[in-house]
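Input: a single structure, listed below in structure tokens.
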Amino acid sequence: MEYLEMCTRKNMLSVATGAGALYLLYKTVRAGMNSPPFSQEPVSIARLAVEQGSFAGKDSGELRRILASLSQKQDDYAKSMMLHSITRCVYLLESEAAACTYEDIRQVAAALDDKDKGIKIQALNALKAFAGIRKFRIKIQEFVPKILELISTIWDTELHIAGLRLLNGLPLPDHTHPLLRRTIPTLIEILQAGTTLAQVQVLKLLSDLAQKEDLLYDIMNCQVHPDFLNLFHSSLPGNLLYEMLVFVEKLSEGRLTPQYQSVHWEYNELSLHAALFGEDSRLADRLLSLIIHPEEEVQIQACKVILSLQLCKEEETKASSHRIDCSYFDEENS
């Protein structure tokens, strides 16, 4: 058995000669292409590598064949495997993927309506792969409402991760903001109760939404758990802490904008704003503990948040002083 594995490994390496083939294998590993095939004629990584290296400039036709099979009636397992194979091919066979049509994207997206949760997840992953090709991003935007619906109505870690990764790879135009506004409570709940991978992805999305003027208040006033600040505990993974700090920085920057300061906002007692920026918030203590975090990027980001909060405090003091001066001036005139 070991001899057979060694021979197989040697054959794979012989295929990978040349800089182009090495790059191909590198991309293959990155894409995590390690799942079982969906048919009796599998989408073999070795075969695709041979075809890509031997027929440079020519299409293998593999992706087109899988898409054609997807249009036919399939059982759930076969359909799921086809979608997964499409994802692998899009990452590996870029020229073939770029030659796909908008109808192909629509065909893949149709699987989002499938009753099987696993098929929905594979469809999200396939769309994420296609979103890496610039010309398809606008088309995939059409399915943002459906993606948000899935995230909001199905509590599943894998689906959340797949959906959030896809959203983070897409531009979110203004007309999607009303839908995003309704999804914010779900996003905040994923942040508080999801796994680390889901939390990191949802923080990236929330950091982006916090920069949208018309969504900032909805995020700030969203209700959070009483122990929300536990998300800043120094024992948490560094990548999660970093994204959490970036999110707070974006919120703090949003509070400084003239548009936001021109309105007297009211927040509920259990709001995100109260937890982070309220008079009784213990955020400062959590930030101080992160300044000595082992990971440098967490230290730096914690310092940036502290500076941003200090700047906000100074601006609030100036605004308060200005209001007092104006009030005194009005009394003098009266």
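Chain lettering (A, B, ...) mirrors the order of the structure tokens, residue numbering begins at 1 for each chain separately, and ligand numbering begins at 1 in order of display.
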Which of region 83-306 of chain A counts as helix (DSSP H, G or I) under DSSP, as an NGL selection string please?
-> :A and (83-92 or 94-98 or 102-113 or 117-131 or 134-141 or 144-153 or 157-168 or 174-193 or 196-209 or 216-220 or 228-232 or 238-255 or 258-261 or 272-277 or 283-290 or 296-306)
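Within the 8 Å cut-off around region 305-312 of chain A, using only C-alpha atoms and omitting residues fewer than 2 positions from it on the same chain, the listed residues are A:Leu245, A:Val246, A:Val248, A:Glu249, A:Ser252, A:Glu253, A:Arg255, A:Leu256, A:Ala284, A:Leu287, A:Gln301, A:Ala302, A:Cys303, A:Glu314, A:Glu315, A:Glu316.
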So what do you get for CA of Gln199 (chain A) versus CA of Gln107 (chain A), distance-wise?
-> 29.9 Å
Students should find that CA of Pro226 (chain A) and CA of Leu276 (chain A) are spaced 11.4 Å
Pick from A:Thr101, A:Asn125, A:Gln141, A:Asn268, whichever lies nearest to Thr176 (chain A) using only C-alpha atoms |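 Among the listed residues, the smallest separation from Thr176 (chain A) belongs to A:Gln141.
When only C-alpha atoms are used to measure the gap to Leu241 (chain A), the shortest distance among A:Gln72, A:Thr196, A:Ser80, A:Ser262 belongs to A:Thr196.
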Any idea what's packed within 12 Å of Phe143 (chain A), counting only C-alpha atoms, ignoring anything in its chain fewer than 4 positions away? Could you give it as an mmCIF file with all heavy atoms, in the first residue's frame?
```cif
data_model
loop_
_atom_site.group_PDB
_atom_site.id
_atom_site.type_symbol
_atom_site.label_atom_id
_atom_site.label_comp_id
_atom_site.auth_asym_id
_atom_site.auth_seq_id
_atom_site.Cartn_x
_atom_site.Cartn_y
_atom_site.Cartn_z
ATOM 1 N N ILE A 105 -24.620 31.184 -14.118
ATOM 2 C CA ILE A 105 -24.700 31.710 -12.751
ATOM 3 C C ILE A 105 -26.113 31.537 -12.210
ATOM 4 O O ILE A 105 -26.315 31.114 -11.058
ATOM 5 C CB ILE A 105 -24.306 33.195 -12.728
ATOM 6 C CG1 ILE A 105 -22.886 33.393 -13.263
ATOM 7 C CG2 ILE A 105 -24.430 33.763 -11.315
ATOM 8 C CD1 ILE A 105 -21.817 32.709 -12.468
ATOM 9 N N ARG A 106 -27.097 31.839 -13.042
ATOM 10 C CA ARG A 106 -28.491 31.704 -12.623
ATOM 11 C C ARG A 106 -28.826 30.249 -12.306
ATOM 12 O O ARG A 106 -29.569 29.962 -11.362
ATOM 13 C CB ARG A 106 -29.411 32.240 -13.721
ATOM 14 C CG ARG A 106 -30.891 32.257 -13.347
ATOM 15 C CD ARG A 106 -31.714 32.878 -14.456
ATOM 16 N NE ARG A 106 -31.371 34.273 -14.622
ATOM 17 C CZ ARG A 106 -31.849 35.260 -13.893
ATOM 18 N NH1 ARG A 106 -32.702 34.989 -12.907
ATOM 19 N NH2 ARG A 106 -31.501 36.507 -14.110
ATOM 20 N N GLN A 107 -28.267 29.343 -13.095
ATOM 21 C CA GLN A 107 -28.519 27.918 -12.875
ATOM 22 C C GLN A 107 -27.958 27.469 -11.530
ATOM 23 O O GLN A 107 -28.606 26.735 -10.781
ATOM 24 C CB GLN A 107 -27.882 27.106 -14.001
ATOM 25 C CG GLN A 107 -28.107 25.610 -13.880
ATOM 26 C CD GLN A 107 -27.405 24.827 -14.980
ATOM 27 O OE1 GLN A 107 -26.848 25.407 -15.900
ATOM 28 N NE2 GLN A 107 -27.410 23.520 -14.867
ATOM 29 N N VAL A 108 -26.762 27.927 -11.193
ATOM 30 C CA VAL A 108 -26.167 27.595 -9.900
ATOM 31 C C VAL A 108 -26.975 28.231 -8.768
ATOM 32 O O VAL A 108 -27.270 27.583 -7.756
ATOM 33 C CB VAL A 108 -24.698 28.071 -9.840
ATOM 34 C CG1 VAL A 108 -24.143 27.925 -8.425
ATOM 35 C CG2 VAL A 108 -23.842 27.270 -10.819
ATOM 36 N N ALA A 109 -27.361 29.492 -8.946
ATOM 37 C CA ALA A 109 -28.109 30.198 -7.902
ATOM 38 C C ALA A 109 -29.476 29.589 -7.662
ATOM 39 O O ALA A 109 -30.031 29.716 -6.560
ATOM 40 C CB ALA A 109 -28.250 31.676 -8.282
ATOM 41 N N ALA A 110 -30.033 28.925 -8.672
ATOM 42 C CA ALA A 110 -31.347 28.294 -8.497
ATOM 43 C C ALA A 110 -31.316 27.252 -7.385
ATOM 44 O O ALA A 110 -32.337 26.969 -6.754
ATOM 45 C CB ALA A 110 -31.790 27.650 -9.819
ATOM 46 N N ALA A 111 -30.129 26.689 -7.129
ATOM 47 C CA ALA A 111 -29.999 25.679 -6.070
ATOM 48 C C ALA A 111 -30.178 26.285 -4.683
ATOM 49 O O ALA A 111 -30.342 25.544 -3.707
ATOM 50 C CB ALA A 111 -28.642 24.980 -6.173
ATOM 51 N N LEU A 112 -30.153 27.612 -4.566
ATOM 52 C CA LEU A 112 -30.406 28.250 -3.271
ATOM 53 C C LEU A 112 -31.835 28.003 -2.798
ATOM 54 O O LEU A 112 -32.121 28.109 -1.603
ATOM 55 C CB LEU A 112 -30.149 29.766 -3.364
ATOM 56 C CG LEU A 112 -28.721 30.212 -3.672
ATOM 57 C CD1 LEU A 112 -28.666 31.722 -3.831
ATOM 58 C CD2 LEU A 112 -27.752 29.761 -2.579
ATOM 59 N N ASP A 113 -32.720 27.685 -3.727
ATOM 60 C CA ASP A 113 -34.116 27.414 -3.384
ATOM 61 C C ASP A 113 -34.374 25.936 -3.094
ATOM 62 O O ASP A 113 -35.516 25.564 -2.796
ATOM 63 C CB ASP A 113 -35.034 27.858 -4.532
ATOM 64 C CG ASP A 113 -35.049 29.371 -4.700
ATOM 65 O OD1 ASP A 113 -35.106 30.073 -3.675
ATOM 66 O OD2 ASP A 113 -35.001 29.843 -5.853
ATOM 67 N N ALA A 123 -24.238 25.590 -3.115
ATOM 68 C CA ALA A 123 -24.551 26.649 -4.082
ATOM 69 C C ALA A 123 -23.913 27.971 -3.668
ATOM 70 O O ALA A 123 -23.378 28.712 -4.508
ATOM 71 C CB ALA A 123 -26.062 26.805 -4.213
ATOM 72 N N LEU A 124 -23.957 28.271 -2.379
ATOM 73 C CA LEU A 124 -23.312 29.501 -1.878
ATOM 74 C C LEU A 124 -21.805 29.463 -2.132
ATOM 75 O O LEU A 124 -21.201 30.461 -2.542
ATOM 76 C CB LEU A 124 -23.588 29.661 -0.380
ATOM 77 C CG LEU A 124 -25.025 30.013 0.019
ATOM 78 C CD1 LEU A 124 -25.231 29.853 1.518
ATOM 79 C CD2 LEU A 124 -25.374 31.436 -0.414
ATOM 80 N N LEU A 127 -21.146 30.046 -5.857
ATOM 81 C CA LEU A 127 -21.313 31.464 -6.198
ATOM 82 C C LEU A 127 -20.142 32.286 -5.679
ATOM 83 O O LEU A 127 -19.705 33.251 -6.330
ATOM 84 C CB LEU A 127 -22.626 31.991 -5.628
ATOM 85 C CG LEU A 127 -23.906 31.467 -6.301
ATOM 86 C CD1 LEU A 127 -25.135 31.934 -5.532
ATOM 87 C CD2 LEU A 127 -23.973 31.919 -7.752
ATOM 88 N N LYS A 128 -19.620 31.918 -4.506
ATOM 89 C CA LYS A 128 -18.442 32.612 -3.980
ATOM 90 C C LYS A 128 -17.252 32.438 -4.917
ATOM 91 O O LYS A 128 -16.484 33.383 -5.159
ATOM 92 C CB LYS A 128 -18.094 32.056 -2.594
ATOM 93 C CG LYS A 128 -16.772 32.560 -2.003
ATOM 94 C CD LYS A 128 -16.838 34.062 -1.754
ATOM 95 C CE LYS A 128 -15.626 34.556 -0.976
ATOM 96 N NZ LYS A 128 -14.374 34.466 -1.746
ATOM 97 N N ALA A 131 -17.790 34.641 -7.837
ATOM 98 C CA ALA A 131 -17.658 36.057 -7.468
ATOM 99 C C ALA A 131 -16.213 36.529 -7.541
ATOM 100 O O ALA A 131 -15.946 37.734 -7.570
ATOM 101 C CB ALA A 131 -18.210 36.289 -6.060
ATOM 102 N N PHE A 136 -18.794 38.656 -13.088
ATOM 103 C CA PHE A 136 -19.960 37.976 -12.539
ATOM 104 C C PHE A 136 -20.489 38.626 -11.262
ATOM 105 O O PHE A 136 -21.578 38.272 -10.798
ATOM 106 C CB PHE A 136 -19.630 36.508 -12.257
ATOM 107 C CG PHE A 136 -19.400 35.687 -13.491
ATOM 108 C CD1 PHE A 136 -18.287 34.868 -13.591
ATOM 109 C CD2 PHE A 136 -20.284 35.732 -14.555
ATOM 110 C CE1 PHE A 136 -18.062 34.105 -14.722
ATOM 111 C CE2 PHE A 136 -20.071 34.985 -15.699
ATOM 112 C CZ PHE A 136 -18.955 34.164 -15.784
ATOM 113 N N ARG A 137 -19.742 39.558 -10.685
ATOM 114 C CA ARG A 137 -20.142 40.098 -9.382
ATOM 115 C C ARG A 137 -21.474 40.833 -9.445
ATOM 116 O O ARG A 137 -22.306 40.707 -8.546
ATOM 117 C CB ARG A 137 -19.049 41.017 -8.834
ATOM 118 C CG ARG A 137 -17.809 40.248 -8.390
ATOM 119 C CD ARG A 137 -16.697 41.166 -7.964
ATOM 120 N NE ARG A 137 -15.445 40.421 -7.835
ATOM 121 C CZ ARG A 137 -14.258 40.972 -7.834
ATOM 122 N NH1 ARG A 137 -14.134 42.294 -7.949
ATOM 123 N NH2 ARG A 137 -13.171 40.229 -7.718
ATOM 124 N N ILE A 138 -21.661 41.638 -10.486
ATOM 125 C CA ILE A 138 -22.915 42.380 -10.602
ATOM 126 C C ILE A 138 -24.087 41.424 -10.739
ATOM 127 O O ILE A 138 -25.155 41.624 -10.143
ATOM 128 C CB ILE A 138 -22.859 43.339 -11.816
ATOM 129 C CG1 ILE A 138 -21.726 44.356 -11.638
ATOM 130 C CG2 ILE A 138 -24.194 44.062 -11.963
ATOM 131 C CD1 ILE A 138 -21.864 45.226 -10.415
ATOM 132 N N LYS A 139 -23.901 40.358 -11.524
ATOM 133 C CA LYS A 139 -24.972 39.377 -11.694
ATOM 134 C C LYS A 139 -25.306 38.696 -10.372
ATOM 135 O O LYS A 139 -26.490 38.502 -10.038
ATOM 136 C CB LYS A 139 -24.546 38.332 -12.734
ATOM 137 C CG LYS A 139 -25.608 37.289 -13.033
ATOM 138 C CD LYS A 139 -26.822 37.916 -13.677
ATOM 139 C CE LYS A 139 -27.874 36.881 -14.033
ATOM 140 N NZ LYS A 139 -29.080 37.503 -14.602
ATOM 141 N N ILE A 147 -29.748 35.436 -0.338
ATOM 142 C CA ILE A 147 -28.652 35.098 0.579
ATOM 143 C C ILE A 147 -28.970 35.603 1.984
ATOM 144 O O ILE A 147 -28.807 34.886 2.978
ATOM 145 C CB ILE A 147 -27.326 35.690 0.082
ATOM 146 C CG1 ILE A 147 -26.973 35.116 -1.294
ATOM 147 C CG2 ILE A 147 -26.192 35.407 1.060
ATOM 148 C CD1 ILE A 147 -25.883 35.887 -2.019
ATOM 149 N N LEU A 148 -29.468 36.838 2.074
ATOM 150 C CA LEU A 148 -29.826 37.406 3.372
ATOM 151 C C LEU A 148 -30.986 36.635 4.009
ATOM 152 O O LEU A 148 -31.020 36.431 5.227
ATOM 153 C CB LEU A 148 -30.202 38.879 3.208
ATOM 154 C CG LEU A 148 -29.051 39.820 2.832
ATOM 155 C CD1 LEU A 148 -29.584 41.222 2.550
ATOM 156 C CD2 LEU A 148 -28.001 39.866 3.928
ATOM 157 N N GLU A 149 -31.923 36.194 3.175
ATOM 158 C CA GLU A 149 -33.047 35.401 3.688
ATOM 159 C C GLU A 149 -32.560 34.085 4.294
ATOM 160 O O GLU A 149 -33.009 33.687 5.382
ATOM 161 C CB GLU A 149 -34.027 35.112 2.554
ATOM 162 C CG GLU A 149 -35.192 34.227 2.961
ATOM 163 C CD GLU A 149 -35.991 33.738 1.767
ATOM 164 O OE1 GLU A 149 -36.048 34.461 0.754
ATOM 165 O OE2 GLU A 149 -36.545 32.624 1.848
ATOM 166 N N LEU A 150 -31.634 33.430 3.617
ATOM 167 C CA LEU A 150 -31.108 32.170 4.130
ATOM 168 C C LEU A 150 -30.387 32.374 5.452
ATOM 169 O O LEU A 150 -30.561 31.598 6.403
ATOM 170 C CB LEU A 150 -30.151 31.550 3.103
ATOM 171 C CG LEU A 150 -30.775 31.064 1.790
ATOM 172 C CD1 LEU A 150 -29.692 30.555 0.848
ATOM 173 C CD2 LEU A 150 -31.808 29.977 2.048
ATOM 174 N N GLY A 163 -22.632 31.859 3.451
ATOM 175 C CA GLY A 163 -23.364 33.054 3.036
ATOM 176 C C GLY A 163 -22.609 34.341 3.318
ATOM 177 O O GLY A 163 -22.578 35.257 2.488
ATOM 178 N N LEU A 166 -19.666 34.869 0.989
ATOM 179 C CA LEU A 166 -20.142 35.344 -0.306
ATOM 180 C C LEU A 166 -20.478 36.836 -0.252
ATOM 181 O O LEU A 166 -20.065 37.606 -1.123
ATOM 182 C CB LEU A 166 -21.368 34.535 -0.731
ATOM 183 C CG LEU A 166 -22.062 34.956 -2.041
ATOM 184 C CD1 LEU A 166 -21.075 35.046 -3.192
ATOM 185 C CD2 LEU A 166 -23.192 33.993 -2.362
ATOM 186 N N LEU A 167 -21.206 37.250 0.772
ATOM 187 C CA LEU A 167 -21.555 38.672 0.898
ATOM 188 C C LEU A 167 -20.310 39.546 1.025
ATOM 189 O O LEU A 167 -20.252 40.656 0.468
ATOM 190 C CB LEU A 167 -22.455 38.883 2.115
ATOM 191 C CG LEU A 167 -23.880 38.330 2.011
ATOM 192 C CD1 LEU A 167 -24.607 38.494 3.335
ATOM 193 C CD2 LEU A 167 -24.654 39.029 0.893
ATOM 194 N N LEU A 170 -18.824 40.574 -2.279
ATOM 195 C CA LEU A 170 -19.667 41.307 -3.216
ATOM 196 C C LEU A 170 -19.794 42.774 -2.814
ATOM 197 O O LEU A 170 -19.845 43.086 -1.621
ATOM 198 C CB LEU A 170 -21.079 40.704 -3.248
ATOM 199 C CG LEU A 170 -21.244 39.275 -3.760
ATOM 200 C CD1 LEU A 170 -22.682 38.824 -3.546
ATOM 201 C CD2 LEU A 170 -20.851 39.170 -5.226
ATOM 202 N N LEU A 172 -22.138 45.821 -2.100
ATOM 203 C CA LEU A 172 -23.529 45.855 -1.649
ATOM 204 C C LEU A 172 -24.116 47.233 -1.968
ATOM 205 O O LEU A 172 -23.897 48.193 -1.226
ATOM 206 C CB LEU A 172 -23.608 45.566 -0.147
ATOM 207 C CG LEU A 172 -23.082 44.189 0.267
ATOM 208 C CD1 LEU A 172 -23.039 44.062 1.783
ATOM 209 C CD2 LEU A 172 -23.927 43.076 -0.339
ATOM 210 N N THR A 176 -29.858 47.568 -1.567
ATOM 211 C CA THR A 176 -29.911 46.411 -0.672
ATOM 212 C C THR A 176 -29.941 46.819 0.803
ATOM 213 O O THR A 176 -30.137 45.965 1.668
ATOM 214 C CB THR A 176 -28.698 45.483 -0.897
ATOM 215 O OG1 THR A 176 -27.485 46.183 -0.556
ATOM 216 C CG2 THR A 176 -28.618 45.025 -2.340
ATOM 217 N N LEU A 179 -32.915 45.749 3.106
ATOM 218 C CA LEU A 179 -32.827 44.331 3.460
ATOM 219 C C LEU A 179 -31.732 44.089 4.492
ATOM 220 O O LEU A 179 -31.912 43.314 5.440
ATOM 221 C CB LEU A 179 -32.546 43.500 2.205
ATOM 222 C CG LEU A 179 -33.652 43.452 1.144
ATOM 223 C CD1 LEU A 179 -33.147 42.772 -0.121
ATOM 224 C CD2 LEU A 179 -34.871 42.720 1.682
#
```
In Å, how far is it from CA of Ile188 (chain A) to CA of Ser271 (chain A)?
->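 Calculated distance between CA of Ile188 (chain A) and CA of Ser271 (chain A) is 10.9 Å.
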For Ala97 (chain A), please output as a PDB file with C-alpha atoms, in the first residue's frame all residues within 10 Å (counting only C-alpha atoms; exclusion window: fewer than 5 positions along the same chain).
```pdb
ATOM      1  CA  ASP A  59     -10.660  24.264 -22.646  1.00  0.00           C
ATOM      2  CA  LEU A  63     -16.783  22.668 -16.185  1.00  0.00           C
ATOM      3  CA  ARG A  64     -19.200  22.812 -19.112  1.00  0.00           C
ATOM      4  CA  ILE A  86     -18.215  23.319  -9.972  1.00  0.00           C
ATOM      5  CA  THR A  87     -16.612  25.230  -7.110  1.00  0.00           C
ATOM      6  CA  CYS A  89     -13.328  23.759 -11.292  1.00  0.00           C
ATOM      7  CA  VAL A  90     -13.948  27.506 -11.050  1.00  0.00           C
ATOM      8  CA  TYR A  91     -10.938  27.897  -8.776  1.00  0.00           C
ATOM      9  CA  LEU A  92      -8.745  25.601 -10.856  1.00  0.00           C
ATOM     10  CA  ASP A 104     -24.784  29.451 -15.820  1.00  0.00           C
ATOM     11  CA  ALA A 129     -16.019  31.004  -6.430  1.00  0.00           C
ATOM     12  CA  PHE A 130     -17.693  32.744  -9.386  1.00  0.00           C
ATOM     13  CA  ILE A 133     -14.361  36.733 -11.453  1.00  0.00           C
TER      14      ILE A 133
END
```
Nearby residues (only C-alpha atoms) at most 10 Å from Asp174 (chain A), same-chain spacing under 3 positions excluded, as a PyMOL selection string = chain A and resi 171+177-178+180+212+214
All residues 9 Å or closer to Asp218 (chain A), only C-alpha atoms, same chain fewer than 5 positions away omitted, as a PyMOL selection string = chain A and resi 181+184-185
Would you save the residues from that selection as a JSON list (two decimals), in the first residue's frame, using all heavy atoms?
```
[["chain", "number", "residue", "atom", "x", "y", "z"],
["A", 181, "ARG", "N", -30.70, 46.22, 6.65],
["A", 181, "ARG", "CA", -31.15, 46.78, 7.93],
["A", 181, "ARG", "C", -31.96, 45.75, 8.71],
["A", 181, "ARG", "O", -31.80, 45.61, 9.92],
["A", 181, "ARG", "CB", -31.97, 48.05, 7.66],
["A", 181, "ARG", "CG", -32.50, 48.71, 8.93],
["A", 181, "ARG", "CD", -33.24, 50.01, 8.63],
["A", 181, "ARG", "NE", -32.31, 51.02, 8.14],
["A", 181, "ARG", "CZ", -32.27, 51.44, 6.88],
["A", 181, "ARG", "NH1", -33.11, 50.94, 5.97],
["A", 181, "ARG", "NH2", -31.41, 52.37, 6.50],
["A", 184, "ILE", "N", -29.70, 43.04, 10.36],
["A", 184, "ILE", "CA", -28.70, 43.43, 11.36],
["A", 184, "ILE", "C", -28.88, 42.69, 12.69],
["A", 184, "ILE", "O", -27.90, 42.20, 13.27],
["A", 184, "ILE", "CB", -28.68, 44.96, 11.55],
["A", 184, "ILE", "CG1", -28.00, 45.62, 10.35],
["A", 184, "ILE", "CG2", -27.96, 45.35, 12.85],
["A", 184, "ILE", "CD1", -28.09, 47.13, 10.33],
["A", 185, "PRO", "N", -30.09, 42.56, 13.24],
["A", 185, "PRO", "CA", -30.23, 41.81, 14.51],
["A", 185, "PRO", "C", -29.71, 40.37, 14.40],
["A", 185, "PRO", "O", -29.10, 39.85, 15.34],
["A", 185, "PRO", "CB", -31.74, 41.85, 14.78],
["A", 185, "PRO", "CG", -32.21, 43.10, 14.10],
["A", 185, "PRO", "CD", -31.38, 43.20, 12.86]]
```
